Every structure is written in structure tokens, then in C-alpha cells.
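> Structure supplied as final39.txt; contents: compact mmCIF, C-alpha atoms.
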# COMPACT_ATOMS: atom_id res chain seq x y z
CA MET A 13 27.99 29.42 -30.59
CA ASN A 14 26.72 31.12 -33.69
CA VAL A 15 25.07 28.65 -36.00
CA LEU A 16 24.39 31.02 -38.85
CA ALA A 17 27.81 32.69 -38.67
CA GLU A 18 29.39 29.27 -38.97
CA GLY A 19 27.82 28.97 -42.39
CA MET A 20 25.15 26.48 -41.47
CA ASP A 21 21.94 26.73 -43.44
CA ALA A 22 19.16 27.52 -41.00
CA ASP A 23 16.65 25.78 -43.26
CA SER A 24 18.53 22.53 -42.86
CA LEU A 25 18.21 22.60 -39.09
CA THR A 26 15.29 21.04 -37.30
CA ASP A 27 13.24 22.98 -34.80
CA HIS A 28 14.90 21.05 -31.99
CA GLN A 29 18.34 21.94 -33.33
CA LEU A 30 17.45 25.61 -33.61
CA LEU A 31 16.16 25.67 -30.06
CA ALA A 32 19.25 23.85 -28.80
CA ALA A 33 21.44 26.38 -30.61
CA HIS A 34 19.52 29.19 -28.95
CA VAL A 35 19.99 27.63 -25.52
CA ALA A 36 23.70 27.27 -26.28
CA GLY A 37 23.88 30.99 -26.92
CA ASP A 38 23.33 31.37 -30.64
CA PRO A 39 22.00 34.91 -31.17
CA GLN A 40 19.90 34.29 -34.27
CA SER A 41 18.40 30.83 -34.09
CA PHE A 42 15.37 31.79 -32.00
CA ALA A 43 14.37 34.44 -34.53
CA VAL A 44 14.71 31.84 -37.30
CA LEU A 45 12.49 29.49 -35.31
CA PHE A 46 9.92 32.24 -34.80
CA GLY A 47 9.95 33.04 -38.52
CA ARG A 48 9.34 29.42 -39.34
CA HIS A 49 6.10 29.26 -37.34
CA GLN A 50 5.04 32.90 -37.17
CA ASN A 51 1.88 32.68 -39.26
CA ARG A 52 0.37 29.73 -37.39
CA LEU A 53 1.29 31.26 -34.03
CA TRP A 54 -0.29 34.51 -35.13
CA ALA A 55 -3.43 32.70 -36.25
CA VAL A 56 -3.79 31.08 -32.84
CA ALA A 57 -3.24 34.40 -31.06
CA LEU A 58 -5.64 36.29 -33.31
CA ARG A 59 -8.40 33.68 -33.13
CA THR A 60 -8.09 33.43 -29.36
CA MET A 61 -7.82 37.16 -28.65
CA ARG A 62 -9.98 38.34 -31.58
CA LYS A 63 -8.57 41.88 -31.71
CA PRO A 64 -5.29 42.17 -33.65
CA GLU A 65 -3.90 44.62 -31.10
CA ASP A 66 -4.46 42.19 -28.24
CA ALA A 67 -3.17 39.29 -30.31
CA ALA A 68 0.01 41.23 -31.03
CA ASP A 69 0.58 41.87 -27.33
CA ALA A 70 -0.04 38.23 -26.45
CA LEU A 71 2.24 36.97 -29.20
CA GLN A 72 5.03 39.25 -28.06
CA ASP A 73 4.60 38.17 -24.44
CA ALA A 74 4.68 34.55 -25.52
CA MET A 75 7.80 34.83 -27.64
CA ILE A 76 9.70 36.61 -24.89
CA SER A 77 8.59 33.91 -22.48
CA ALA A 78 9.67 31.15 -24.87
CA PHE A 79 13.01 32.89 -25.47
CA ARG A 80 13.69 32.94 -21.73
CA ARG A 81 12.36 29.49 -20.92
CA ALA A 82 13.90 27.58 -23.81
CA SER A 83 16.36 25.81 -21.55
CA GLY A 84 13.40 24.25 -19.77
CA PHE A 85 12.08 22.61 -22.93
CA ARG A 86 12.33 18.89 -22.26
CA GLY A 87 12.03 17.76 -25.84
CA ASP A 88 9.12 15.45 -25.15
CA SER A 89 6.92 17.23 -27.69
CA GLN A 90 7.35 19.01 -30.98
CA VAL A 91 8.87 22.46 -30.62
CA THR A 92 5.92 23.92 -32.50
CA THR A 93 3.54 22.31 -30.01
CA TRP A 94 5.53 23.86 -27.17
CA LEU A 95 5.39 27.28 -28.87
CA HIS A 96 1.65 26.96 -29.47
CA ARG A 97 1.16 26.08 -25.82
CA ILE A 98 3.02 29.19 -24.72
CA VAL A 99 1.06 31.40 -27.13
CA VAL A 100 -2.35 30.10 -26.18
CA ASN A 101 -1.56 30.33 -22.48
CA ALA A 102 -0.31 33.90 -22.92
CA CYS A 103 -3.63 34.68 -24.61
CA LEU A 104 -5.71 33.05 -21.88
CA ASP A 105 -3.64 34.78 -19.21
CA ARG A 106 -4.35 38.14 -20.81
CA LEU A 107 -8.05 37.38 -21.17
CA ARG A 108 -8.39 36.11 -17.59
CA HIS A 109 -6.60 39.09 -16.14
CA ASN A 110 -8.43 41.43 -18.44
CA LYS A 111 -5.16 42.69 -19.77
CA VAL A 112 -6.71 43.69 -23.04
CA ARG A 113 -6.35 47.04 -24.65
CA GLN A 114 -8.95 49.64 -23.89
CA VAL A 115 -8.25 51.43 -27.14
CA GLN A 116 -9.15 50.05 -30.52
CA SER A 117 -5.93 50.44 -32.45
CA LEU A 118 -2.18 50.54 -32.15
CA PRO A 119 -0.09 53.35 -33.57
CA ASP A 120 1.15 50.69 -35.95
CA ASP A 121 -2.43 50.23 -37.14
CA VAL A 122 -2.12 46.48 -37.39
CA ASP A 123 -5.46 46.18 -39.12
CA ARG A 124 -4.12 48.02 -42.13
CA ASP A 125 -1.71 45.33 -43.22
CA LEU A 126 -3.68 42.23 -42.34
CA GLN A 127 -3.29 39.49 -44.89
CA LEU A 128 -4.52 35.97 -45.20
CA ALA A 129 -1.92 33.22 -45.30
CA ASP A 130 -2.42 32.85 -49.04
CA GLY A 131 -1.42 36.49 -49.53
CA THR A 132 -4.94 37.82 -50.03
CA ASP A 133 -5.08 41.35 -48.64
CA LEU A 134 -8.05 43.47 -47.61
CA THR A 135 -8.62 44.68 -51.15
CA ALA A 136 -9.10 41.24 -52.67
CA GLY A 137 -10.87 37.98 -51.99
CA ALA A 138 -14.00 39.50 -50.54
CA GLU A 139 -15.66 36.16 -49.95
CA ARG A 140 -12.68 34.78 -48.07
CA TRP A 141 -12.53 37.91 -45.91
CA GLU A 142 -16.25 37.57 -45.24
CA LEU A 143 -15.75 33.96 -44.19
CA ARG A 144 -12.89 35.05 -41.94
CA ARG A 145 -14.97 37.84 -40.40
CA ILE A 146 -17.94 35.63 -39.65
CA VAL A 147 -15.75 32.91 -38.11
CA LEU A 148 -13.84 35.40 -35.92
CA GLU A 149 -17.03 37.07 -34.76
CA ALA A 150 -18.57 33.73 -33.93
CA LEU A 151 -15.47 32.68 -31.98
CA ASP A 152 -15.71 35.90 -30.00
CA SER A 153 -19.07 34.83 -28.66
CA ILE A 154 -17.86 31.73 -26.83
CA ASN A 155 -15.85 31.72 -23.64
CA PRO A 156 -12.04 31.81 -23.86
CA ASP A 157 -11.48 28.24 -22.68
CA GLN A 158 -13.89 26.82 -25.25
CA ARG A 159 -12.43 29.12 -27.89
CA ALA A 160 -8.86 27.97 -27.21
CA ALA A 161 -9.90 24.32 -27.47
CA ILE A 162 -11.84 24.94 -30.69
CA VAL A 163 -8.98 26.91 -32.26
CA LEU A 164 -6.41 24.24 -31.48
CA VAL A 165 -8.51 21.20 -32.39
CA ASP A 166 -10.78 22.38 -35.20
CA MET A 167 -8.67 25.12 -36.77
CA GLU A 168 -5.07 24.12 -36.10
CA GLY A 169 -5.63 20.40 -36.38
CA TYR A 170 -4.14 19.33 -33.08
CA SER A 171 -5.41 16.14 -31.52
CA VAL A 172 -7.52 16.23 -28.39
CA GLU A 173 -4.60 14.68 -26.49
CA GLU A 174 -2.11 17.30 -27.70
CA THR A 175 -4.55 20.09 -26.91
CA ALA A 176 -5.16 18.70 -23.43
CA ALA A 177 -1.40 18.71 -22.82
CA MET A 178 -1.10 22.28 -24.10
CA LEU A 179 -3.91 23.60 -21.94
CA GLY A 180 -3.06 21.48 -18.93
CA CYS A 181 -6.37 19.69 -18.56
CA ALA A 182 -7.95 16.29 -19.15
CA THR A 183 -8.87 15.03 -22.60
CA GLY A 184 -12.48 14.78 -21.47
CA THR A 185 -12.43 18.47 -20.64
CA ILE A 186 -11.20 19.32 -24.13
CA LYS A 187 -13.87 17.12 -25.72
CA SER A 188 -16.51 18.81 -23.61
CA ARG A 189 -15.28 22.31 -24.43
CA CYS A 190 -15.18 21.51 -28.14
CA SER A 191 -18.63 19.97 -28.07
CA ARG A 192 -20.21 22.86 -26.23
CA GLY A 193 -18.31 25.39 -28.30
CA ARG A 194 -19.46 23.85 -31.58
CA ALA A 195 -23.04 23.79 -30.38
CA LYS A 196 -22.85 27.51 -29.63
CA LEU A 197 -21.11 28.29 -32.90
CA ALA A 198 -23.54 26.42 -35.14
CA PRO A 199 -26.31 29.04 -35.19
CA LEU A 200 -23.75 31.84 -35.43
CA LEU A 201 -22.24 30.30 -38.53
CA GLN A 202 -25.58 29.78 -40.19
CA ASP A 203 -24.97 32.75 -42.49
CA LEU A 204 -22.15 30.80 -44.07
CA ARG A 205 -24.47 27.98 -44.97
CA ASP A 206 -27.00 30.41 -46.36
CA LYS A 207 -24.37 32.24 -48.42
CA ASP A 208 -22.40 29.08 -49.20
CA LEU A 209 -19.18 31.00 -48.51
CA THR A 210 -17.38 27.97 -47.23
CA ASN A 211 -16.87 26.75 -50.76
CA ALA A 212 -15.26 30.04 -51.79
CA MET B 7 -20.48 21.27 -47.40
CA ASP B 8 -22.04 20.97 -50.79
CA SER B 9 -25.46 20.54 -49.31
CA VAL B 10 -27.47 23.52 -48.16
CA GLU B 11 -29.63 21.41 -45.88
CA GLN B 12 -29.59 22.17 -42.16
CA PRO B 13 -27.75 19.42 -40.26
CA GLN B 14 -30.31 17.13 -38.69
CA THR B 15 -28.57 15.84 -35.60
CA PRO B 16 -26.20 17.36 -33.03
CA ALA B 17 -23.44 15.11 -34.37
CA ASP B 18 -24.06 16.34 -37.93
CA GLN B 19 -24.09 19.90 -36.68
CA ALA B 20 -20.80 19.46 -34.80
CA ALA B 21 -19.21 17.90 -37.88
CA TRP B 22 -20.45 20.78 -40.02
CA VAL B 23 -19.04 23.39 -37.62
CA HIS B 24 -15.73 21.54 -37.51
CA ASP B 25 -15.62 21.54 -41.30
CA VAL B 26 -16.41 25.27 -41.52
CA LEU B 27 -13.69 26.13 -39.03
CA ARG B 28 -11.19 23.91 -40.80
CA ARG B 29 -11.88 25.79 -44.04
CA ALA B 30 -11.40 29.24 -42.51
CA PRO B 31 -8.56 30.99 -44.33
CA GLY B 32 -5.16 31.02 -42.65
CA GLU B 33 -3.66 34.20 -41.29
CA MET B 34 -0.43 35.94 -42.21
CA LEU B 35 1.50 37.74 -39.49
CA PRO B 36 1.37 41.47 -40.26
CA GLU B 37 4.80 42.98 -40.88
CA ALA B 38 4.34 45.58 -38.12
CA VAL B 39 3.72 42.84 -35.56
CA ARG B 40 6.55 40.68 -36.89
CA GLN B 41 8.98 43.57 -36.57
CA ARG B 42 7.75 44.39 -33.09
CA VAL B 43 8.32 40.84 -31.90
CA LEU B 44 11.76 40.72 -33.51
CA ASP B 45 12.69 44.01 -31.84
CA ALA B 46 11.58 42.62 -28.47
CA LEU B 47 13.62 39.47 -29.07
CA GLN B 48 16.64 41.60 -29.94
CA VAL B 49 16.30 43.39 -26.60
CA GLU B 50 16.11 40.00 -24.87
CA GLN B 51 19.22 38.89 -26.73
CA GLU B 52 21.12 41.97 -25.59
CA LEU B 53 19.99 41.36 -22.02
CA ARG B 54 21.12 37.76 -22.29
CA GLU B 55 24.54 38.83 -23.42
CA ASN B 56 24.80 40.95 -20.27
CA SER B 57 26.37 38.69 -17.66
CA ASP B 58 24.30 40.24 -14.86
CA PHE B 59 21.08 39.13 -16.49
CA ASN B 60 19.53 35.93 -15.23
CA PRO B 61 17.12 34.69 -17.93
CA ASP B 62 15.71 32.07 -15.58
CA ALA B 63 14.63 34.62 -12.99
CA ASP B 64 10.88 34.83 -12.64
CA VAL B 65 9.22 38.18 -12.25
CA GLU B 66 8.21 37.11 -8.74
CA ASP B 67 11.86 36.48 -7.88
CA LEU B 68 12.83 39.91 -9.12
CA VAL B 69 10.02 41.53 -7.13
CA ALA B 70 11.11 39.63 -4.01
CA LEU B 71 14.72 40.68 -4.54
CA ASP B 72 13.64 44.27 -4.96
CA ALA B 73 11.57 44.11 -1.77
CA LYS B 74 14.54 42.70 0.16
CA ASP B 75 16.77 45.39 -1.25
CA GLN B 76 14.35 48.12 -0.22
CA ALA B 77 13.95 46.63 3.25
CA PHE B 78 17.72 46.54 3.68
CA ARG B 79 18.02 50.16 2.58
CA ALA B 80 15.27 51.20 5.01
CA PHE B 81 16.97 49.27 7.83
CA SER B 82 20.26 51.00 7.05
CA ARG B 83 18.60 54.37 7.46
CA MET B 84 17.18 53.53 10.91
CA PRO B 85 18.77 55.45 13.82
CA ASN B 86 21.19 53.56 16.03
CA ARG B 87 19.12 52.71 19.11
CA ALA B 88 22.13 52.59 21.45
CA THR B 89 22.95 56.11 20.37
CA ASP B 90 19.35 57.24 20.91
CA TRP B 91 19.29 55.92 24.46
CA SER B 92 22.48 57.57 25.48
Translate this structure into C-alpha cells?


Amino acid sequence: MNVLAEGMDADSLTDHQLLAAHVAGDPQSFAVLFGRHQNRLWAVALRTMRKPEDAADALQDAMISAFRRASGFRGDSQVTTWLHRIVVNACLDRLRHNKVRQVQSLPDDVDRDLQLADGTDLTAGAERWELRRIVLEALDSINPDQRAAIVLVDMEGYSVEETAAMLGCATGTIKSRCSRGRAKLAPLLQDLRDKDLTNA
Amino acid sequence: MDSVEQPQTPADQAAWVHDVLRRAPGEMLPEAVRQRVLDALQVEQELRENSDFNPDADVEDLVALDAKDQAFRAFSRMPNRATDWS
């Protein structure tokens, strides 16, 4: 099966259809699916791992895992939720096993071509980059489990129930992690209030 | 967010933090990372097209298979005891 070679428009296919095509042997549909969600998946990886180099490793691990395990997707959730779950668990696995890079940069120098989702690069939008920096630094100060819950609920907009399913724990646990995480973040984000960067 | 007053209660503070995080700018996947992931997926695709490749095999399974293979090879190299006793 080759969905794209058969002239089908990938944009017209749902995520479920793309994943089904991949499972059926289509060679391109998984890459299309990845491209459709790549920025949000990257955001989750980056905010959970903090360092772009580690986020890149985790994202790659996760996509290979999803590629291999696609036939096990039961279809009882959105495909994007399933992908997010795999990414965040790949991140937590790396953090728990301390599989983070000991060096600061990749040969690719990922930092060099960082961009915000709105296309703002490092040379523009200073206030938005400052907001990003402060938020990422603050996130780095809380433990990985709290960080993952905060990223999914507060930053990605998932419900507590969806996040609990992704992380494999009770809803009460997610509520607790978010609550404690926010309490720790509040003083660390105080600079934003003082500078009023959040309205930038 | 328009106010510069410090939140007064823990609930206000939590709501403020939630709002700040929600407003954090989105991220764009760097091209170098995107290409790296696509290259890795291409390798996976080529492996999948190889009939000997089992995409459902866990790493643990592969390690176990390798251990069995090595044990078998070691066993094959053992001297024949009947011959040794003769």
C-alpha cells in the first residue's frame, strides 16, 4: 500500500487514516503524520528535557518507538495524544536513567536554528525570547514528573484526565503534581510580573 | 495579567502561573532535528522492508535471542566428553 503514490492527498487523510496506512505498509504516511504534529511534539520534548540536544534525542527515540509500535495503537484516543504520550515517556525515561548528554551541543548545533512557532528567530522578538527563557529555566527547577504534568496540562492544554492516561497515573496524582509544580514556579516567574513580559 | 499586583491567595497564584505558562510562545522544530528524525525513520522503513526484520521485537527479546545464540555457539565448541574419557 502506498497512499501517496496512489494520488491521495495526505492533507485529506485523518491522523487515524495515516497511521492505518503506515501499519498497512505505506512508506510515507508516518513521516506525514510526524510533520503534522512535529512542532507540538518538539515543544513537549524541549520543555520536559530543557536542553535542545536532549530533547532532540528523546524526540528521535519516541518517533522510532511510535513507528515500530503503531500496530499496537488501539484507536481509543486521538493519535496526537498517543504520540504525545510516547514523547513524554521517552523524555521521562531519559531523565530517570540519566541518559542525558554530558556535552552541551550537538555537531548540528541545534541552538543555532531555534525558532518560535510563530517564526520568530533568535534575532527578533527579544521580549518573547526572554519570556521563553524564563519559563524554560523555571521549568528546569521542578522535578521531571511535575514538569511533565505542568507541560501537558498548562502549556499543551490537555485535560487532567488525558494527562493521567498519558503518564499512567491517577487524576489525583496529576492534580497534585500540577498544584505543587505551580507553587514552586510562582516565585521563579516573578520576574515576568515585574517586567510585564507576558503581555508581549 | 493586566494587573501588576502580587496574587493574594494560593489559588490566585496557581491561576496566574497557569496563565503565564499558557502564554509562553510555541516552539518550532529546528530543521536539523527534523531532518535527523526523518533520516532515522527512513532507516526504520528500510529495516521494515527487510523481511527478516521483526518490528514488534522488543530490545529485551533481541538481547535474549543473542544470549541464546551465544550459549549455543559456546556449547558447540565444548569438547565431546565421550571422546575425552576414552

> Quote the spacing between atom CA of A:Asp69 and atom CA of A:Val147 in Å to one decimal place.

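Going from atom CA of A:Asp69 over to atom CA of A:Val147 covers 21.5 Å.
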
> Nearest to A:Asn155 among A:Leu30, A:Val99, A:Leu107, A:Leu58, with distances taken over only C-alpha atoms: which residue is it?

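Residue with the minimum atom-to-atom distance to A:Asn155: A:Leu107.
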
> Tell me, in Å to one decimal, how far atom CA of A:Arg52 is from atom CA of B:Asp25.

18.4 Å

> Can you work out which residues from chain B touch chain A at a cut-off of 7 Å (counting all atoms listed in the file) and hand them back as a list in words?

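Residues passing the distance filter: Val10, Gln19, Ala20, Val23, His24, Val26, Leu27, Arg28, Arg29, Ala30, Pro31, Gly32, Glu33, Met34, Leu35, Pro36, Ala38, Val39, Val43, Leu44, Leu47, Gln51, Pro61 and Asp62 of chain B.
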
> Just the number, please: distance in Å from atom CA of A:Ser153 to atom CA of A:Arg189, one decimal.

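It comes out at 13.7 Å.
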
> Find the residues near A:Ala177: any atom within 12 Å, counting only C-alpha atoms, skip ones fewer than 4 places away on the same chain, and give them as a list in words.

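These residues fall inside the cut-off: Asp88, Ser89, Gln90, Thr93, Trp94, His96, Arg97, Ile98, Val100, Asn101, Ala161, Leu164, Tyr170, Ser171, Val172, Glu173, Cys181, Ala182, Thr183, Gly184, Thr185 and Ile186 of chain A.
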
> Mind giving me the axis-aligned box for stretch 27-46 of chain B with 3 Å on every side, centre plus edges in Å to one decimal, as JSON?


{"center_x": -0.5, "center_y": 34.7, "center_z": -36.4, "size_x": 32.4, "size_y": 27.7, "size_z": 21.9}

> Which residue, A:Leu104, A:Leu25, A:Ala176, A:Met61, has the smallest gap to A:Asp152 when you use all atoms listed in the file?

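Checking each of A:Leu104, A:Leu25, A:Ala176, A:Met61 against A:Asp152, counting all atoms listed in the file, the winner is A:Met61.
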
> When you get a chance, write out N, CA and C atoms for stretch 160-181 of chain A, as a tab-separated table (two decimals), in the coordinates of the input.


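In the end it all went to result-v3.tsv:
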chain	number	residue	atom	x	y	z
A	160	ALA	N	-10.23	28.49	-27.06
A	160	ALA	CA	-8.86	27.97	-27.21
A	160	ALA	C	-8.90	26.51	-27.67
A	161	ALA	N	-9.80	25.73	-27.09
A	161	ALA	CA	-9.90	24.32	-27.47
A	161	ALA	C	-10.34	24.18	-28.93
A	162	ILE	N	-11.34	24.97	-29.31
A	162	ILE	CA	-11.84	24.94	-30.69
A	162	ILE	C	-10.75	25.36	-31.68
A	163	VAL	N	-10.03	26.42	-31.35
A	163	VAL	CA	-8.98	26.91	-32.26
A	163	VAL	C	-7.91	25.85	-32.46
A	164	LEU	N	-7.49	25.22	-31.36
A	164	LEU	CA	-6.41	24.24	-31.48
A	164	LEU	C	-6.87	22.96	-32.17
A	165	VAL	N	-8.05	22.48	-31.84
A	165	VAL	CA	-8.51	21.20	-32.39
A	165	VAL	C	-9.10	21.38	-33.79
A	166	ASP	N	-10.04	22.27	-33.92
A	166	ASP	CA	-10.78	22.38	-35.20
A	166	ASP	C	-10.03	23.21	-36.24
A	167	MET	N	-9.29	24.22	-35.80
A	167	MET	CA	-8.67	25.12	-36.77
A	167	MET	C	-7.19	24.82	-37.00
A	168	GLU	N	-6.50	24.41	-35.94
A	168	GLU	CA	-5.07	24.12	-36.10
A	168	GLU	C	-4.78	22.64	-36.30
A	169	GLY	N	-5.79	21.81	-36.09
A	169	GLY	CA	-5.63	20.40	-36.38
A	169	GLY	C	-4.90	19.58	-35.34
A	170	TYR	N	-4.77	20.12	-34.13
A	170	TYR	CA	-4.14	19.33	-33.08
A	170	TYR	C	-5.12	18.28	-32.56
A	171	SER	N	-4.56	17.18	-32.08
A	171	SER	CA	-5.41	16.14	-31.52
A	171	SER	C	-5.94	16.61	-30.15
A	172	VAL	N	-6.97	15.92	-29.71
A	172	VAL	CA	-7.52	16.23	-28.39
A	172	VAL	C	-6.44	16.02	-27.32
A	173	GLU	N	-5.64	14.98	-27.48
A	173	GLU	CA	-4.60	14.68	-26.49
A	173	GLU	C	-3.54	15.79	-26.45
A	174	GLU	N	-3.11	16.23	-27.65
A	174	GLU	CA	-2.11	17.30	-27.70
A	174	GLU	C	-2.67	18.59	-27.10
A	175	THR	N	-3.92	18.88	-27.42
A	175	THR	CA	-4.55	20.09	-26.91
A	175	THR	C	-4.69	20.03	-25.38
A	176	ALA	N	-5.05	18.85	-24.88
A	176	ALA	CA	-5.16	18.70	-23.43
A	176	ALA	C	-3.81	18.97	-22.76
A	177	ALA	N	-2.74	18.47	-23.38
A	177	ALA	CA	-1.40	18.71	-22.82
A	177	ALA	C	-1.05	20.19	-22.87
A	178	MET	N	-1.41	20.85	-23.97
A	178	MET	CA	-1.10	22.28	-24.10
A	178	MET	C	-1.82	23.10	-23.05
A	179	LEU	N	-3.10	22.78	-22.83
A	179	LEU	CA	-3.91	23.60	-21.94
A	179	LEU	C	-3.89	23.10	-20.51
A	180	GLY	N	-3.20	21.98	-20.29
A	180	GLY	CA	-3.06	21.48	-18.93
A	180	GLY	C	-4.36	20.98	-18.33
A	181	CYS	N	-5.13	20.26	-19.11
A	181	CYS	CA	-6.37	19.69	-18.56
A	181	CYS	C	-6.62	18.31	-19.18
